[in-house]
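Take a look at the structure set out below.
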Amino acid sequence: MASRGGASRRVPENEAAITYVQCDGLAVMKIVKHCHEESYSNMEVAQGALLGLVVENRLEITNCFPFPKHDDTMDEEEYQLDMMRRLRRVNVDHFHVGWYQSADVGNFLSQSLLESQYHYQTSIEESVVVIYDTKKSARGFLTLKAYRLTPQAIAMYKERDYTPEALRNLKIGYESLFIEVPIVIRNSPLTNIMMSELSEMIPEEEGSKFLDLGTASVLEGQLRSLMERVDELNQEAIKFNRYQQLVVRQQQDKHRWLLKRAQENAARAAKDEAPLPEEDVNKLFKPHTVPPRLNPMIVAGQINTYSAHISQFCSQSLAKLYLTQALQNAKEAKQNN
Amino acid sequence: MALNLVVKVHPVVLFQIVDAYERRNADSHRVIGTLLGTCDKGVVEVTNCFCVPHKEHADQVEAELNYAMDVYELNRRVNASENIVGWWATGNEVTNHSSVIHEYYSRECREPVHVTLDTSLAGARMGLRAYVCVALGVPRGKQGCMFTPIDVGLTYYEPEIVGLQLCQKTIGPGGRSRQVQPAVDLAQVADAASRLSGLLDQVVQYVEEVLSERTTPNNAVGRQLLELVSALPDLASASFADAFAGGVKDLLMVVTLAQLIKTQLQLNEKLTLLTSQ
């Protein structure tokens, strides 16, 4: 029937269904170079814009350019527009599809990141934030991850309401802030030819740093940061508990006051006096402000990232240790023969 | 002297050149652009580059030099240490137009180098060459200049190599390009282990062939093999077993702790969401 026909019509999706991100080798190399150079100079993160286009269900990133460091003298908007206009002259895709940021050990969750990604995603539907892990890539494992805010995170940020009830209504937790979109790297055939030329120029033993056995320094650093975060989360938990105790006590006080009032009124009524004027209970006992839950959520997310990283790091160190054991066994077997 | 210059190029630059070539306008056969980097003690290190729109007619060349200056200024805001060190072009030969362009660039920097990347794949290779312009001629006669080839090599930061190795995996069999995903740590270690095993097989095969006198032994290779075998540190088996066990125990403990923390976090999350006000 007519009404059934309506159901078969495609409902326009209000969220672009991006299933994966396709990155050009050029963009990857540029991100690596920029983040690496920035990591030498200062502690601030390196940021830049991603350019590309959307094709069906994938987001293609074909080029990128770095942002200048935060400087009050220049206008960042202007820099971006200028840059994009110039790139358009040389036929580079000028559609702004997201931004990238460098991070230490993949620890990128912060309030400013949430805010930036929120603005990006509301203005450009399909935008992603790509996180490049400087420390890990320096050790030999290139780590590039793309994230998007979940719809719940967007809704929460729109309201700027970080009370526990709001979070409970949206069913949001630190795990559902971002979803990871898989990244795929693709190169044109000409680039492949160029890379095979390059591979002849690079000695074979370069780039095997990730077989390095030393684990102590890395683990120490990571564990220390993890401990700091856990301390932070602990502080937040204490704050929340204190708030709850205050609320309970306040309830009790209110209750007692109301009872006293009722008693007084009863006493006055017995003496035929006018009852005391009704006072607004709430004005006497101002409700305490609920501590916002955003920060603990972010800290929990960071701790989660750290522990995931540490487990991954340990598992690959274990693999390397077993490799050396195999070599040692082989050597001893040879000696004994 | 100019001829002692050596050019070291970062992989990013080559990626950019190839990309610019692929995106050229339909009527151009060549693309040119500016090289950025640093020049130090006779070594020119090229770390970045960008494309400059230009048109070539039969006898003249037009390049948008204002554009080049603008983009250079924009780039300086991000990276103040990169200077103009020369220019690049695609194609496999140096033409008349090149000298005109080169003259412009010599106004911008002291000793510009000219790099060509042979995207036309002449000779079935993509050649990378570098030139400097040397003045020649008789003092009172006509002066000219000649592009003299100089050495060009590759240089890189450590993470760039990692990125490059990952990208190289897109070179599929038979020349078709594939897609590749950034691999999980464990997969990479497994990959390296299999690569090592392959290399060791090759070495073993060579040794066997020499022993059975099918190939003539090579002294240099033999010496390197000796180095290889003695490179394994000589640990007594007891001390190695101790070190190994200690390492394994530490790592396992950390893994347990990390998983514990994760579980606690999830519990905490559930609890805070449950609490009513």
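Letters A, B, ... mark the chains of the structure tokens in the order given; residue numbers begin at 1 per chain; ligand numbers begin at 1, in order shown.
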Per residue of chain A within 7 Å of chain B, note the shortest atom pair and the distance in Å to one decimal, counting only C-alpha atoms, and order the rows by chain and increasing residue number, as JSON lines.
{"residue": "A:Gly25", "atom": "CA", "partner": "B:Cys167", "partner_atom": "CA", "distance": 6.1}
{"residue": "A:Leu26", "atom": "CA", "partner": "B:Phe15", "partner_atom": "CA", "distance": 5.5}
{"residue": "A:Met29", "atom": "CA", "partner": "B:Val12", "partner_atom": "CA", "distance": 5.8}
{"residue": "A:Lys30", "atom": "CA", "partner": "B:Val12", "partner_atom": "CA", "distance": 6.3}
{"residue": "A:Val32", "atom": "CA", "partner": "B:Glu160", "partner_atom": "CA", "distance": 6.3}
{"residue": "A:Lys33", "atom": "CA", "partner": "B:Glu160", "partner_atom": "CA", "distance": 6.7}
{"residue": "A:Pro66", "atom": "CA", "partner": "B:Val78", "partner_atom": "CA", "distance": 6.9}
{"residue": "A:Phe67", "atom": "CA", "partner": "B:Val78", "partner_atom": "CA", "distance": 6.5}
{"residue": "A:Pro68", "atom": "CA", "partner": "B:Val78", "partner_atom": "CA", "distance": 4.3}
{"residue": "A:Lys69", "atom": "CA", "partner": "B:Val78", "partner_atom": "CA", "distance": 6.8}
{"residue": "A:Val90", "atom": "CA", "partner": "B:Pro53", "partner_atom": "CA", "distance": 6.4}
{"residue": "A:Asn91", "atom": "CA", "partner": "B:Arg23", "partner_atom": "CA", "distance": 5.9}
{"residue": "A:Ser137", "atom": "CA", "partner": "B:Pro159", "partner_atom": "CA", "distance": 5.8}
{"residue": "A:Ala138", "atom": "CA", "partner": "B:Pro159", "partner_atom": "CA", "distance": 5.1}
{"residue": "A:Gly140", "atom": "CA", "partner": "B:Val162", "partner_atom": "CA", "distance": 6.0}
{"residue": "A:Phe141", "atom": "CA", "partner": "B:Asp185", "partner_atom": "CA", "distance": 6.5}
{"residue": "A:Leu142", "atom": "CA", "partner": "B:Gly163", "partner_atom": "CA", "distance": 6.2}
{"residue": "A:Thr143", "atom": "CA", "partner": "B:Pro182", "partner_atom": "CA", "distance": 6.6}
{"residue": "A:Leu144", "atom": "CA", "partner": "B:Pro182", "partner_atom": "CA", "distance": 6.9}
{"residue": "A:Pro164", "atom": "CA", "partner": "B:Leu273", "partner_atom": "CA", "distance": 6.6}
{"residue": "A:Arg168", "atom": "CA", "partner": "B:Leu273", "partner_atom": "CA", "distance": 5.6}
{"residue": "A:Gly173", "atom": "CA", "partner": "B:Glu269", "partner_atom": "CA", "distance": 6.7}
{"residue": "A:Ile183", "atom": "CA", "partner": "B:Gln181", "partner_atom": "CA", "distance": 6.2}
{"residue": "A:Val184", "atom": "CA", "partner": "B:Gln181", "partner_atom": "CA", "distance": 4.7}
{"residue": "A:Ile185", "atom": "CA", "partner": "B:Val180", "partner_atom": "CA", "distance": 5.2}
{"residue": "A:Arg186", "atom": "CA", "partner": "B:Gln179", "partner_atom": "CA", "distance": 4.9}
{"residue": "A:Asn187", "atom": "CA", "partner": "B:Thr170", "partner_atom": "CA", "distance": 6.6}
{"residue": "A:Ser188", "atom": "CA", "partner": "B:Ser177", "partner_atom": "CA", "distance": 7.0}
{"residue": "A:Pro189", "atom": "CA", "partner": "B:Ser177", "partner_atom": "CA", "distance": 6.1}
{"residue": "A:Thr191", "atom": "CA", "partner": "B:Val18", "partner_atom": "CA", "distance": 6.4}
{"residue": "A:Asn192", "atom": "CA", "partner": "B:Ile171", "partner_atom": "CA", "distance": 5.8}
{"residue": "A:Met194", "atom": "CA", "partner": "B:Met126", "partner_atom": "CA", "distance": 6.5}
{"residue": "A:Met195", "atom": "CA", "partner": "B:Gln168", "partner_atom": "CA", "distance": 6.4}
{"residue": "A:Glu197", "atom": "CA", "partner": "B:Met126", "partner_atom": "CA", "distance": 6.9}
{"residue": "A:Met201", "atom": "CA", "partner": "B:Leu154", "partner_atom": "CA", "distance": 6.8}
{"residue": "A:Gly207", "atom": "CA", "partner": "B:Ile161", "partner_atom": "CA", "distance": 5.8}
{"residue": "A:Ala300", "atom": "CA", "partner": "B:Leu265", "partner_atom": "CA", "distance": 6.7}
{"residue": "A:Asn304", "atom": "CA", "partner": "B:Lys262", "partner_atom": "CA", "distance": 6.0}
{"residue": "A:Ser307", "atom": "CA", "partner": "B:Ala258", "partner_atom": "CA", "distance": 4.8}
{"residue": "A:Ile310", "atom": "CA", "partner": "B:Ala258", "partner_atom": "CA", "distance": 6.8}
{"residue": "A:Ser311", "atom": "CA", "partner": "B:Val255", "partner_atom": "CA", "distance": 5.1}
{"residue": "A:Cys314", "atom": "CA", "partner": "B:Leu251", "partner_atom": "CA", "distance": 5.6}
{"residue": "A:Gln316", "atom": "CA", "partner": "B:Leu186", "partner_atom": "CA", "distance": 5.3}
{"residue": "A:Leu318", "atom": "CA", "partner": "B:Val248", "partner_atom": "CA", "distance": 6.5}
So which residues of stretch 7-107 of chain B fall under helix (DSSP H, G or I) by DSSP, listed as JSON, numbers by chain? {"B": [11, 12, 13, 14, 15, 16, 17, 18, 19, 20, 21, 22, 65, 66, 67, 68, 69, 70, 71, 72, 73, 74, 75, 76, 77, 78, 96, 97, 98, 99, 100, 101, 102, 103, 104, 105, 106, 107]}
Selected residues written out with N, CA, C and O atoms, as a compact mmCIF listing (two decimals), in the first residue's frame:
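Final output, saved to again.txt:
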# COMPACT_ATOMS: atom_id res chain seq x y z
N PRO B 11 62.80 11.56 1.98
CA PRO B 11 61.78 10.87 1.19
C PRO B 11 60.53 11.71 0.95
O PRO B 11 59.91 11.61 -0.11
N VAL B 12 60.18 12.57 1.91
CA VAL B 12 58.96 13.37 1.77
C VAL B 12 58.99 14.17 0.47
O VAL B 12 57.99 14.30 -0.23
N VAL B 13 60.17 14.70 0.17
CA VAL B 13 60.32 15.54 -1.02
C VAL B 13 59.95 14.76 -2.26
O VAL B 13 59.22 15.25 -3.13
N LEU B 14 60.42 13.52 -2.35
CA LEU B 14 60.14 12.72 -3.54
C LEU B 14 58.66 12.40 -3.64
O LEU B 14 58.08 12.42 -4.73
N PHE B 15 58.04 12.12 -2.49
CA PHE B 15 56.60 11.87 -2.50
C PHE B 15 55.87 13.08 -3.07
O PHE B 15 54.95 12.96 -3.88
N GLN B 16 56.27 14.27 -2.60
CA GLN B 16 55.61 15.49 -3.06
C GLN B 16 55.76 15.66 -4.56
O GLN B 16 54.82 16.05 -5.25
N ILE B 17 56.98 15.42 -5.06
CA ILE B 17 57.23 15.63 -6.48
C ILE B 17 56.34 14.71 -7.31
O ILE B 17 55.70 15.13 -8.28
N VAL B 18 56.29 13.45 -6.91
CA VAL B 18 55.47 12.50 -7.67
C VAL B 18 54.01 12.91 -7.62
O VAL B 18 53.30 12.89 -8.63
N ASP B 19 53.56 13.35 -6.45
CA ASP B 19 52.16 13.75 -6.32
C ASP B 19 51.87 14.97 -7.19
O ASP B 19 50.84 15.03 -7.87
N ALA B 20 52.78 15.95 -7.18
CA ALA B 20 52.57 17.15 -8.00
C ALA B 20 52.53 16.77 -9.48
O ALA B 20 51.73 17.32 -10.25
N TYR B 21 53.39 15.85 -9.87
CA TYR B 21 53.40 15.42 -11.26
C TYR B 21 52.08 14.78 -11.64
O TYR B 21 51.55 14.98 -12.73
N GLU B 22 51.53 13.97 -10.73
CA GLU B 22 50.27 13.30 -11.04
C GLU B 22 49.12 14.28 -11.13
O GLU B 22 48.12 14.03 -11.79
N LEU B 65 56.13 33.52 -9.89
CA LEU B 65 57.12 33.69 -8.85
C LEU B 65 56.53 34.29 -7.59
O LEU B 65 56.99 34.02 -6.48
N ASN B 66 55.47 35.10 -7.75
CA ASN B 66 54.81 35.64 -6.55
C ASN B 66 54.24 34.51 -5.72
O ASN B 66 54.34 34.50 -4.50
N TYR B 67 53.64 33.57 -6.43
CA TYR B 67 53.10 32.39 -5.75
C TYR B 67 54.19 31.70 -4.94
O TYR B 67 54.01 31.35 -3.77
N ALA B 68 55.34 31.54 -5.57
CA ALA B 68 56.43 30.85 -4.89
C ALA B 68 56.83 31.60 -3.63
O ALA B 68 57.01 31.00 -2.55
N MET B 69 56.95 32.92 -3.72
CA MET B 69 57.32 33.70 -2.54
C MET B 69 56.28 33.56 -1.45
O MET B 69 56.60 33.40 -0.29
N ASP B 70 55.00 33.62 -1.85
CA ASP B 70 53.94 33.54 -0.86
C ASP B 70 53.98 32.21 -0.11
O ASP B 70 53.90 32.18 1.12
N VAL B 71 54.09 31.14 -0.87
CA VAL B 71 54.07 29.83 -0.20
C VAL B 71 55.31 29.66 0.68
O VAL B 71 55.25 29.08 1.76
N TYR B 72 56.42 30.24 0.21
CA TYR B 72 57.62 30.16 1.04
C TYR B 72 57.42 30.88 2.36
O TYR B 72 57.79 30.40 3.43
N GLU B 73 56.77 32.07 2.29
CA GLU B 73 56.50 32.80 3.52
C GLU B 73 55.59 32.00 4.45
O GLU B 73 55.81 31.92 5.65
N LEU B 74 54.54 31.42 3.87
CA LEU B 74 53.63 30.62 4.68
C LEU B 74 54.37 29.49 5.37
O LEU B 74 54.13 29.17 6.54
N ASN B 75 55.26 28.88 4.63
CA ASN B 75 55.98 27.75 5.20
C ASN B 75 56.93 28.20 6.30
O ASN B 75 57.14 27.48 7.28
N ARG B 76 57.47 29.40 6.15
CA ARG B 76 58.40 29.89 7.16
C ARG B 76 57.72 30.04 8.50
O ARG B 76 58.35 29.95 9.53
N ARG B 77 56.39 30.29 8.44
CA ARG B 77 55.69 30.46 9.72
C ARG B 77 55.69 29.16 10.50
O ARG B 77 55.65 29.16 11.72
N VAL B 78 55.66 28.07 9.77
CA VAL B 78 55.63 26.78 10.47
C VAL B 78 57.04 26.35 10.84
O VAL B 78 57.30 25.90 11.93
N ASN B 96 66.50 24.27 -22.20
CA ASN B 96 66.86 25.70 -22.23
C ASN B 96 66.09 26.46 -21.19
O ASN B 96 66.60 27.38 -20.57
N HIS B 97 64.83 26.06 -21.01
CA HIS B 97 64.02 26.80 -20.06
C HIS B 97 64.61 26.70 -18.66
O HIS B 97 64.47 27.61 -17.85
N SER B 98 65.28 25.56 -18.42
CA SER B 98 65.81 25.35 -17.07
C SER B 98 66.78 26.45 -16.68
O SER B 98 66.81 26.88 -15.54
N SER B 99 67.59 26.91 -17.65
CA SER B 99 68.60 27.91 -17.26
C SER B 99 67.92 29.21 -16.87
O SER B 99 68.39 29.92 -15.98
N VAL B 100 66.81 29.53 -17.55
CA VAL B 100 66.09 30.76 -17.18
C VAL B 100 65.58 30.65 -15.75
O VAL B 100 65.76 31.56 -14.93
N ILE B 101 64.96 29.51 -15.47
CA ILE B 101 64.41 29.32 -14.12
C ILE B 101 65.55 29.33 -13.10
O ILE B 101 65.45 29.88 -12.01
N HIS B 102 66.65 28.68 -13.48
CA HIS B 102 67.77 28.59 -12.56
C HIS B 102 68.31 29.97 -12.23
O HIS B 102 68.71 30.25 -11.09
N GLU B 103 68.31 30.84 -13.24
CA GLU B 103 68.80 32.20 -13.00
C GLU B 103 67.94 32.89 -11.95
O GLU B 103 68.44 33.59 -11.07
N TYR B 104 66.63 32.69 -12.05
CA TYR B 104 65.76 33.31 -11.06
C TYR B 104 66.11 32.81 -9.66
O TYR B 104 66.22 33.57 -8.71
N TYR B 105 66.29 31.50 -9.56
CA TYR B 105 66.55 30.95 -8.23
C TYR B 105 67.89 31.36 -7.69
O TYR B 105 68.11 31.41 -6.48
N SER B 106 68.83 31.65 -8.58
CA SER B 106 70.13 32.07 -8.05
C SER B 106 70.04 33.44 -7.43
O SER B 106 70.91 33.84 -6.68
N ARG B 107 68.93 34.16 -7.76
CA ARG B 107 68.72 35.43 -7.08
C ARG B 107 68.19 35.21 -5.67
O ARG B 107 68.34 36.02 -4.79
Contact residues around A:Pro296 with only C-alpha atoms at 12 Å, ignoring same-chain residues under 4 positions, as a PyMOL selection string: (chain A and resi 109-111+162-164+173-174+229-240+291-292+300-303) or (chain B and resi 265+268-269+272)
For a test of reading the model, state the distance in Å between atom CA of B:Ser212 and atom CA of A:Ala333, rounded to one decimal. 24.0 Å
Considering only C-alpha atoms, return as an MDAnalysis selection string whatever protein or nucleic-acid residues lie within 8 Å of A:Leu149, sequence-local ones (same chain, fewer than 2 positions apart) excluded. chainID A and resid 117:118 121 147 151 153:154 177:179
Given only C-alpha atoms as the basis, pick out the residue of A:Ile172, A:Val299, A:Arg139, A:Lys331 nearest to A:Met227.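 Looking only at the distances to A:Met227, the closest residue turns out to be A:Val299.
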Would you mind writing down, as a PyMOL selection string, each residue of stretch 127-188 of chain A that DSSP on the backbone assigns to strand (DSSP E or B)? chain A and resi 128-133+144-149+178-181+183-186
Counting only C-alpha atoms, the residue of A:Ser39, A:Val21, A:Leu81, A:Lys145 that sits nearest A:Val97: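 Closest candidate: A:Val21.
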Straight-line distance linking atom CA of B:Pro139 with atom CA of B:Cys109, stated in Å to one decimal: 24.4 Å
Within 9 Å of stretch 50-59 of chain A using only C-alpha atoms, minus same-chain residues under 4 positions, as a list in words: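 The residues satisfying every condition are Ala16, Ala17, Ile18, Thr19, Tyr20, Val21, Gln22, Cys23, Ala27, Asn63, Cys64, Phe65, Pro66, Met84, Val92, Asp93, His94, Phe95, His96, Val97, Gly98, Trp99, Tyr100, Glu126, Ser127, Val128, Val129 and Val130 of chain A.
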Would you export the selected residues with N, CA and C atoms as a compact mmCIF listing (two decimals), in the first residue's frame, please?
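As written to disk, out.txt reads:
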# COMPACT_ATOMS: atom_id res chain seq x y z
N ALA A 16 27.11 10.80 8.20
CA ALA A 16 27.82 10.15 7.10
C ALA A 16 28.39 8.83 7.58
N ALA A 17 28.15 7.79 6.81
CA ALA A 17 28.61 6.48 7.24
C ALA A 17 30.01 6.27 6.70
N ILE A 18 31.00 6.73 7.42
CA ILE A 18 32.38 6.53 7.02
C ILE A 18 32.85 5.25 7.66
N THR A 19 33.19 4.29 6.84
CA THR A 19 33.62 3.02 7.43
C THR A 19 35.13 2.94 7.55
N TYR A 20 35.86 3.59 6.64
CA TYR A 20 37.30 3.59 6.85
C TYR A 20 37.93 4.82 6.22
N VAL A 21 39.16 5.06 6.61
CA VAL A 21 39.89 6.23 6.14
C VAL A 21 41.02 5.74 5.26
N GLN A 22 41.14 6.33 4.10
CA GLN A 22 42.23 5.94 3.20
C GLN A 22 43.22 7.09 3.12
N CYS A 23 44.45 6.77 3.47
CA CYS A 23 45.45 7.81 3.56
C CYS A 23 46.46 7.62 2.43
N ALA A 27 50.58 11.97 2.53
CA ALA A 27 50.06 12.58 3.75
C ALA A 27 50.73 11.95 4.97
N ASN A 63 46.30 14.96 1.14
CA ASN A 63 47.38 15.88 1.45
C ASN A 63 47.14 16.47 2.83
N CYS A 64 48.14 17.16 3.33
CA CYS A 64 47.96 17.78 4.63
C CYS A 64 48.93 18.94 4.72
N PHE A 65 48.68 19.86 5.64
CA PHE A 65 49.67 20.90 5.87
C PHE A 65 49.67 21.24 7.35
N PRO A 66 50.84 21.62 7.85
CA PRO A 66 50.94 21.88 9.29
C PRO A 66 50.43 23.27 9.64
N MET A 84 45.09 26.97 1.65
CA MET A 84 44.22 26.15 0.83
C MET A 84 44.06 26.75 -0.56
N VAL A 92 45.60 20.51 -5.85
CA VAL A 92 45.49 19.63 -4.69
C VAL A 92 44.07 19.73 -4.16
N ASP A 93 43.52 18.62 -3.69
CA ASP A 93 42.17 18.65 -3.14
C ASP A 93 42.11 19.66 -2.02
N HIS A 94 41.12 20.53 -2.04
CA HIS A 94 41.10 21.57 -1.02
C HIS A 94 39.96 21.39 -0.05
N PHE A 95 39.34 20.24 -0.06
CA PHE A 95 38.26 20.01 0.87
C PHE A 95 38.85 19.62 2.22
N HIS A 96 38.50 20.37 3.23
CA HIS A 96 39.08 20.20 4.55
C HIS A 96 38.37 19.04 5.25
N VAL A 97 39.05 17.93 5.45
CA VAL A 97 38.32 16.77 5.98
C VAL A 97 38.68 16.43 7.41
N GLY A 98 39.52 17.22 8.04
CA GLY A 98 39.84 16.86 9.42
C GLY A 98 41.14 17.50 9.82
N TRP A 99 41.69 17.01 10.90
CA TRP A 99 42.96 17.56 11.38
C TRP A 99 43.75 16.46 12.06
N TYR A 100 45.04 16.71 12.21
CA TYR A 100 45.86 15.71 12.87
C TYR A 100 46.60 16.34 14.04
N GLU A 126 31.93 14.77 8.06
CA GLU A 126 32.69 13.53 8.08
C GLU A 126 34.07 13.66 8.67
N SER A 127 34.35 14.74 9.38
CA SER A 127 35.74 14.96 9.72
C SER A 127 36.24 13.98 10.77
N VAL A 128 37.53 13.74 10.71
CA VAL A 128 38.16 12.83 11.67
C VAL A 128 39.36 13.55 12.27
N VAL A 129 39.80 13.06 13.40
CA VAL A 129 41.07 13.53 13.93
C VAL A 129 42.03 12.36 13.90
N VAL A 130 43.19 12.60 13.30
CA VAL A 130 44.19 11.55 13.19
C VAL A 130 45.26 11.80 14.23
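Distances to B:Leu271 were evaluated for A:Asn241, A:Ser199, A:Gln80, A:Ser315 using only C-alpha atoms, and the minimum falls at A:Asn241.
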